[in-house]
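Only one structure is covered here, and it is reproduced in the block below.
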Amino acid sequence: MYFAAISAARGFLLLTLLLAWIAGNKASLLLFSSTEANLNRKARKLMTWAVVLTLSSAGVVGGIAWLMAITDSIFWRDRLLIPPLLIVPTVMIWTVSVPRLRKIRQATGRKTNSPLDLRLLVRASQPAIIAPYQFVALGALTGMYWTFTTTVPFDIWNGAIPLILLLIAGMALWLSHLNRSSRISLDGKAPANRPFMRLMRRLAVLVVAIALGSVPFYSALKASRLPETVSMAEGPMDNGSGMSLAHHNHSEAVTASAEPVKEISVDSLTGPAEGKPDVSYTLTAEKKTVKLASGRAVEAWTYNGQIPGPELRFKKGQLVEVKLANKDIEEGVTLHWHGLDVPNAEDGVAGATQNAVMPGETHTYRFVAEQVGSFWYHSHQDSREAVEKGLFGSLVVEPEEGMPADVKDITVMTHLWDNHGIAIGDNDGIQHIKIEPGTPVRLRLANTDDWIRQTYKLLGTTFQVAAIDGTELHEPGNLNKVSLDLITGGRYDVTFTMPDTPVTLNVGQGGKLGIVMSPDGNGELPKHAPNLPVFDPTHYGTPTSTPFDANSHFDREFTMVLDNQLGFFNGKLALNYTINGEVFPNTPMFMVREGELVKTTIVNRGAVDHPMHLHGHHMLVLSRNGEPVTGSPWWTDTLDTAPGEVYEVAFVADNPGLWMDHCHNLAHAASGMTMHLMYEGITSPYTVGTATSNHPE
């Protein structure tokens, strides 16, 4: 609904701009009517254009009113500037232009073929007739600019400068038409109708405008280029503003702690340096041609020469050691444990917690697995390209006693391989798995695709969503005929008991990819899975105690506003994906102190989904669109925030460090949609930038 409302407002704005441009041009040519009959006809058409512009302007106002009716004010309060830009000139058309057009029609009621006399020429050239139509076009243009550039909190200059330019342009148009009308009065005749000369004059005005705007344009373009080096530990700091969506005010800002905090480098926030590991792995990053199950070849970046990389599986409490070696990935590699809350130095983010591992180099990670659940690992160096080409794999942490021996444990990692479509791991077709009736089955669903909402449909049995993002749900209920949709980075663990009839897992809608589970290993995948309602965790399962809840006292409160805004990033003009109106490295750094309880309100004012991934912590979802979570506690590390949605989440700051918080649509992160959670006193010796080898996104 939000997307439809904002699209309606923008669509009618664009329509109004085009229509007003045409109507304004027709109004300016009114005095070139060859006869009274021609003038009468053109005046009548302009009155019709007044109706057309009124309807299109009403569409804009209606779109904004619709937005106001279905969303909180944070989505529309800056857009309240737009209706006056259209209402004022539209009223001018009806109160100033239309009455004069009526008089012209009365004066030319005979509709003769006589040429226009001086009286009619002066009337037809009045700025009061022409300018209001053109003012609508200027208002629509300004409104279009505002819809793609305004920020929350509102930047007064961002609104004032276009308004000043609008007033200047309006005055210039009025004076231009007044000057032309005055010359007609003095000369006693209409100016020559020279379309080519008018076009040249308009082009000259456009060239002058472009010339005047080129200096600030190229200055901003140059200033947007990413620096050669910048520390991830530097940047604008936000100590907590406590914005209230309910009352639209700001509580007193939290200041940095008065007590001095000892400085600690991320390098010291490691896992156990001593002791023999319980589990050891070596992962070698290398380029390799790998075949999918269908035989199609993929030019991939791999861990250990396979796609996905080897599944890493160990038990809670074990000391894990993973040695990463880079054979030939020129861009460099790292290992990030997505969703597994490890010590900061082991997080694997190039430029924040380590340097990228370049060809011929190695890096060793050591940590104790403190969580049980389904996770995944991937390179956090040039992440968009690295993950797309295959530098990822499954990571499973089992309970201390291990998984029950009778459970059929199946990992389902879906990925879009370049030019080869979506596959489950390296299987791009239909898998058949033989499972005895009565066997407990656990499907670990993980979506690794960039900017794809993947749909999974389990048919043929009732099932439970046992875990979300690696955290078990409390008393999950039985589900049947629901769609399990995952955005990039998200995971669902699905459990069921195998019946004596086939169970199918459809991936996507085409019926060409999935898993058929049956007692004899046979069966068919439905060619077209039915349309099903999407699973919603908000009220699923039953409540149980948590360390905190929505009624707790929060030490820090932040607001994270996600949006699309026209602006500059790294030397390019684009419709950027922003956090609080900025792109990296100007995005805010949320500052916390160890032990604090932190609440964040996430607002998506943009037009696309943003799966926001906070490293090193799991967030408890408190509410969605003002509706409290009443089922099982819902912990997440990758929260799918759709357009128009508002989430309240909270976490305990119990893992000191410098942590990335970014959109896991990695194309968005690469375009600047990334920020950091920073603990007071933490420093980092690492840098990112064009002159470094570290490029985490």
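Each chain in the structure tokens gets a letter, A, B, ..., in the order shown, and its residues are numbered from 1; ligands are numbered from 1 in order too.
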All strand (DSSP E) residues (DSSP, backbone) inside region 463-624 of chain A, as a ChimeraX atom specification:
/A:464-468,471-472,483-486,491-497,503-507,514-518,556-569,572-579,589-592,597-604,610-614,619-624
Show which residues sit within 8 Å of region 515-519 of chain A, as a PyMOL selection string. Count only C-alpha atoms, and ignore same-chain residues fewer than 4 positions away.
chain A and resi 430-437+500-506+523-525
Counting only C-alpha atoms, which residue out of A:Gly460, A:Gly139, A:Gly689, A:Gly317 sits closest to Ile164 (chain A)?
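Going through A:Gly460, A:Gly139, A:Gly689, A:Gly317 one by one, the smallest distance to Ile164 (chain A) is for A:Gly139.
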Exercise: Gly567 (chain A) partners within 12 Å, only C-alpha atoms, chain neighbours under 4 positions left out, as a PDB file with C-alpha atoms, in the first residue's frame:
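Result file is result_9.pdb:
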ATOM      1  CA  TYR A 145      12.865  17.138  -6.904  1.00  0.00           C
ATOM      2  CA  TRP A 146      11.664  17.206  -3.299  1.00  0.00           C
ATOM      3  CA  PHE A 148      13.680  12.317  -4.337  1.00  0.00           C
ATOM      4  CA  THR A 149      15.882  14.524  -2.160  1.00  0.00           C
ATOM      5  CA  THR A 150      14.185  15.354   1.138  1.00  0.00           C
ATOM      6  CA  THR A 151      15.554  13.721   4.243  1.00  0.00           C
ATOM      7  CA  ASN A 158      17.311  21.173   0.872  1.00  0.00           C
ATOM      8  CA  PHE A 217      27.222  20.268  -9.629  1.00  0.00           C
ATOM      9  CA  ALA A 220      29.450  18.102  -5.337  1.00  0.00           C
ATOM     10  CA  LEU A 221      30.395  15.359  -7.803  1.00  0.00           C
ATOM     11  CA  ALA A 223      33.392  15.927  -3.177  1.00  0.00           C
ATOM     12  CA  SER A 224      31.417  12.660  -3.316  1.00  0.00           C
ATOM     13  CA  ASP A 563      15.298   5.876   1.791  1.00  0.00           C
ATOM     14  CA  GLY A 571      31.653  10.614  -8.440  1.00  0.00           C
ATOM     15  CA  LYS A 572      28.275   9.589  -9.843  1.00  0.00           C
ATOM     16  CA  LEU A 573      24.795  11.087  -9.772  1.00  0.00           C
ATOM     17  CA  ALA A 574      22.334   8.371  -8.826  1.00  0.00           C
ATOM     18  CA  LEU A 575      19.196   7.542  -6.913  1.00  0.00           C
ATOM     19  CA  ASN A 576      21.112   6.471  -3.820  1.00  0.00           C
ATOM     20  CA  TYR A 577      20.062   4.090  -1.071  1.00  0.00           C
ATOM     21  CA  THR A 578      20.536   6.132   2.079  1.00  0.00           C
ATOM     22  CA  GLY A 581      19.819  10.813   4.455  1.00  0.00           C
ATOM     23  CA  GLU A 582      23.469   9.866   3.921  1.00  0.00           C
ATOM     24  CA  VAL A 583      25.655   7.342   2.142  1.00  0.00           C
ATOM     25  CA  SER A 671      26.429   1.930  -3.227  1.00  0.00           C
ATOM     26  CA  GLY A 672      26.882   3.331   0.273  1.00  0.00           C
TER      27      GLY A 672
END
Please compute the CA of Val136 (chain A)-CA of Leu86 (chain A) distance, one decimal, in Å.
5.7 Å
A:Leu562, A:Gln464, A:Leu80, A:His528 ranked by distance to Met68 (chain A), top pick (using only C-alpha atoms):
A:Leu80
Within 8 Å of region 304-316 of chain A, counting only C-alpha atoms, which residues show up once you throw out same-chain ones fewer than 5 positions away? Write them as a list in words, please.
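Listing them by chain and then by number gives Val279, Tyr281, Leu283, Thr284, Ala285, Glu286, Lys287, Lys288, Val290, Val368, Ala369, Glu370, Gln371, Val372, Gly390, Leu391, Phe392, Gly393, Ser394, Leu395, Val396, Val397, Glu398, Pro399, Glu400, Glu401, Gly402, Gly425 and Asp426 of chain A.
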Written selection (N, CA and C atoms) as a compact mmCIF listing (two decimals), in the first residue's frame:
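Contents of the output file again.txt:
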# COMPACT_ATOMS: atom_id res chain seq x y z
N VAL A 279 38.02 -28.26 16.53
CA VAL A 279 37.71 -28.45 15.10
C VAL A 279 38.60 -27.52 14.29
N TYR A 281 39.65 -26.28 10.19
CA TYR A 281 39.36 -26.30 8.76
C TYR A 281 40.41 -25.45 8.04
N LEU A 283 40.39 -23.36 4.39
CA LEU A 283 39.62 -22.95 3.22
C LEU A 283 40.56 -22.17 2.28
N THR A 284 40.65 -22.64 1.06
CA THR A 284 41.50 -22.00 0.06
C THR A 284 40.63 -21.33 -0.99
N ALA A 285 40.79 -20.02 -1.12
CA ALA A 285 40.02 -19.27 -2.11
C ALA A 285 40.74 -19.32 -3.45
N GLU A 286 40.03 -19.75 -4.47
CA GLU A 286 40.66 -19.85 -5.79
C GLU A 286 39.59 -19.76 -6.88
N LYS A 287 40.03 -19.31 -8.04
CA LYS A 287 39.16 -19.28 -9.21
C LYS A 287 39.15 -20.67 -9.85
N LYS A 288 37.97 -21.10 -10.24
CA LYS A 288 37.88 -22.43 -10.81
C LYS A 288 36.61 -22.56 -11.64
N VAL A 290 33.60 -24.68 -12.39
CA VAL A 290 32.88 -25.71 -11.65
C VAL A 290 31.60 -26.04 -12.42
N VAL A 368 35.18 -19.53 19.87
CA VAL A 368 34.36 -20.57 20.49
C VAL A 368 32.92 -20.37 20.02
N ALA A 369 32.32 -21.41 19.52
CA ALA A 369 30.94 -21.35 19.05
C ALA A 369 29.99 -21.27 20.25
N GLU A 370 29.34 -20.12 20.41
CA GLU A 370 28.47 -19.91 21.57
C GLU A 370 26.99 -20.08 21.25
N GLN A 371 26.65 -20.22 19.97
CA GLN A 371 25.25 -20.33 19.57
C GLN A 371 25.00 -21.67 18.89
N VAL A 372 23.75 -22.07 18.87
CA VAL A 372 23.34 -23.25 18.13
C VAL A 372 22.41 -22.78 17.02
N GLY A 390 30.56 -16.99 -5.79
CA GLY A 390 30.63 -18.28 -5.12
C GLY A 390 31.40 -18.36 -3.83
N LEU A 391 31.92 -17.26 -3.32
CA LEU A 391 32.69 -17.31 -2.08
C LEU A 391 31.76 -17.31 -0.87
N PHE A 392 31.09 -18.43 -0.66
CA PHE A 392 30.19 -18.59 0.48
C PHE A 392 29.99 -20.08 0.75
N GLY A 393 29.46 -20.37 1.93
CA GLY A 393 29.16 -21.75 2.28
C GLY A 393 28.28 -21.81 3.51
N SER A 394 27.82 -23.01 3.83
CA SER A 394 26.92 -23.21 4.97
C SER A 394 27.73 -23.42 6.25
N LEU A 395 27.17 -22.94 7.35
CA LEU A 395 27.79 -23.10 8.67
C LEU A 395 26.70 -23.55 9.64
N VAL A 396 26.91 -24.67 10.29
CA VAL A 396 25.92 -25.22 11.22
C VAL A 396 26.58 -25.45 12.56
N VAL A 397 25.98 -24.91 13.62
CA VAL A 397 26.43 -25.18 14.98
C VAL A 397 25.41 -26.10 15.64
N GLU A 398 25.87 -27.31 15.99
CA GLU A 398 24.98 -28.29 16.61
C GLU A 398 25.00 -28.12 18.14
N PRO A 399 23.99 -28.66 18.82
CA PRO A 399 24.03 -28.66 20.29
C PRO A 399 25.28 -29.40 20.79
N GLU A 400 25.61 -29.19 22.04
CA GLU A 400 26.81 -29.82 22.62
C GLU A 400 26.79 -31.34 22.46
N GLU A 401 25.61 -31.91 22.56
CA GLU A 401 25.50 -33.37 22.44
C GLU A 401 25.36 -33.82 20.98
N GLY A 402 25.36 -32.86 20.06
CA GLY A 402 25.21 -33.19 18.66
C GLY A 402 23.76 -33.31 18.25
N GLY A 425 22.50 -24.91 -3.95
CA GLY A 425 23.92 -25.22 -3.97
C GLY A 425 24.40 -25.29 -5.40
N ASP A 426 24.88 -26.48 -5.82
CA ASP A 426 25.30 -26.65 -7.22
C ASP A 426 24.29 -27.48 -8.00
Could you check the closest approach to Gly332 (chain A) for each of A:Thr692, A:Leu622, A:Asn344, A:Leu175 and tell me which residue wins, using only C-alpha atoms?
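Looking only at the distances to Gly332 (chain A), the closest residue turns out to be A:Thr692.
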Would you please work out which residue, of A:Glu475, A:Asp661, A:Glu228, A:Asp78, is nearest to Arg605 (chain A) when using only C-alpha atoms?
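Among A:Glu475, A:Asp661, A:Glu228, A:Asp78, it is A:Asp78 that comes nearest to Arg605 (chain A).
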Applying 10 Å and only C-alpha atoms, which residues near Arg77 (chain A) remain after dropping the ones on its own chain fewer than 5 positions away? List them as a count of residues only.
5
Using only C-alpha atoms, which residue out of A:Glu331, A:Asp267, A:Asp117, A:Asp654 lies closest to Met619 (chain A)?
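Of A:Glu331, A:Asp267, A:Asp117, A:Asp654, the one nearest Met619 (chain A) is A:Asp654, counting only C-alpha atoms.
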Skipping near chain neighbours, those fewer than 6 positions away, what residues fall within 7 Å of region 50-53 of chain A using only C-alpha atoms, listed as a list in words?
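Contacts, in chain order: Thr16, Leu19, Ala20 and Ile93 of chain A.
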Using only C-alpha atoms for the distances, tell me which of A:His610, A:Lys42, A:Lys408, A:His336 is nearest to Ile452 (chain A).
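Counting only C-alpha atoms, the residue closest to Ile452 (chain A) is A:His610.
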For CA of Tyr2 (chain A) and CA of Val603 (chain A), quote the distance in Å rounded to one decimal.
12.2 Å
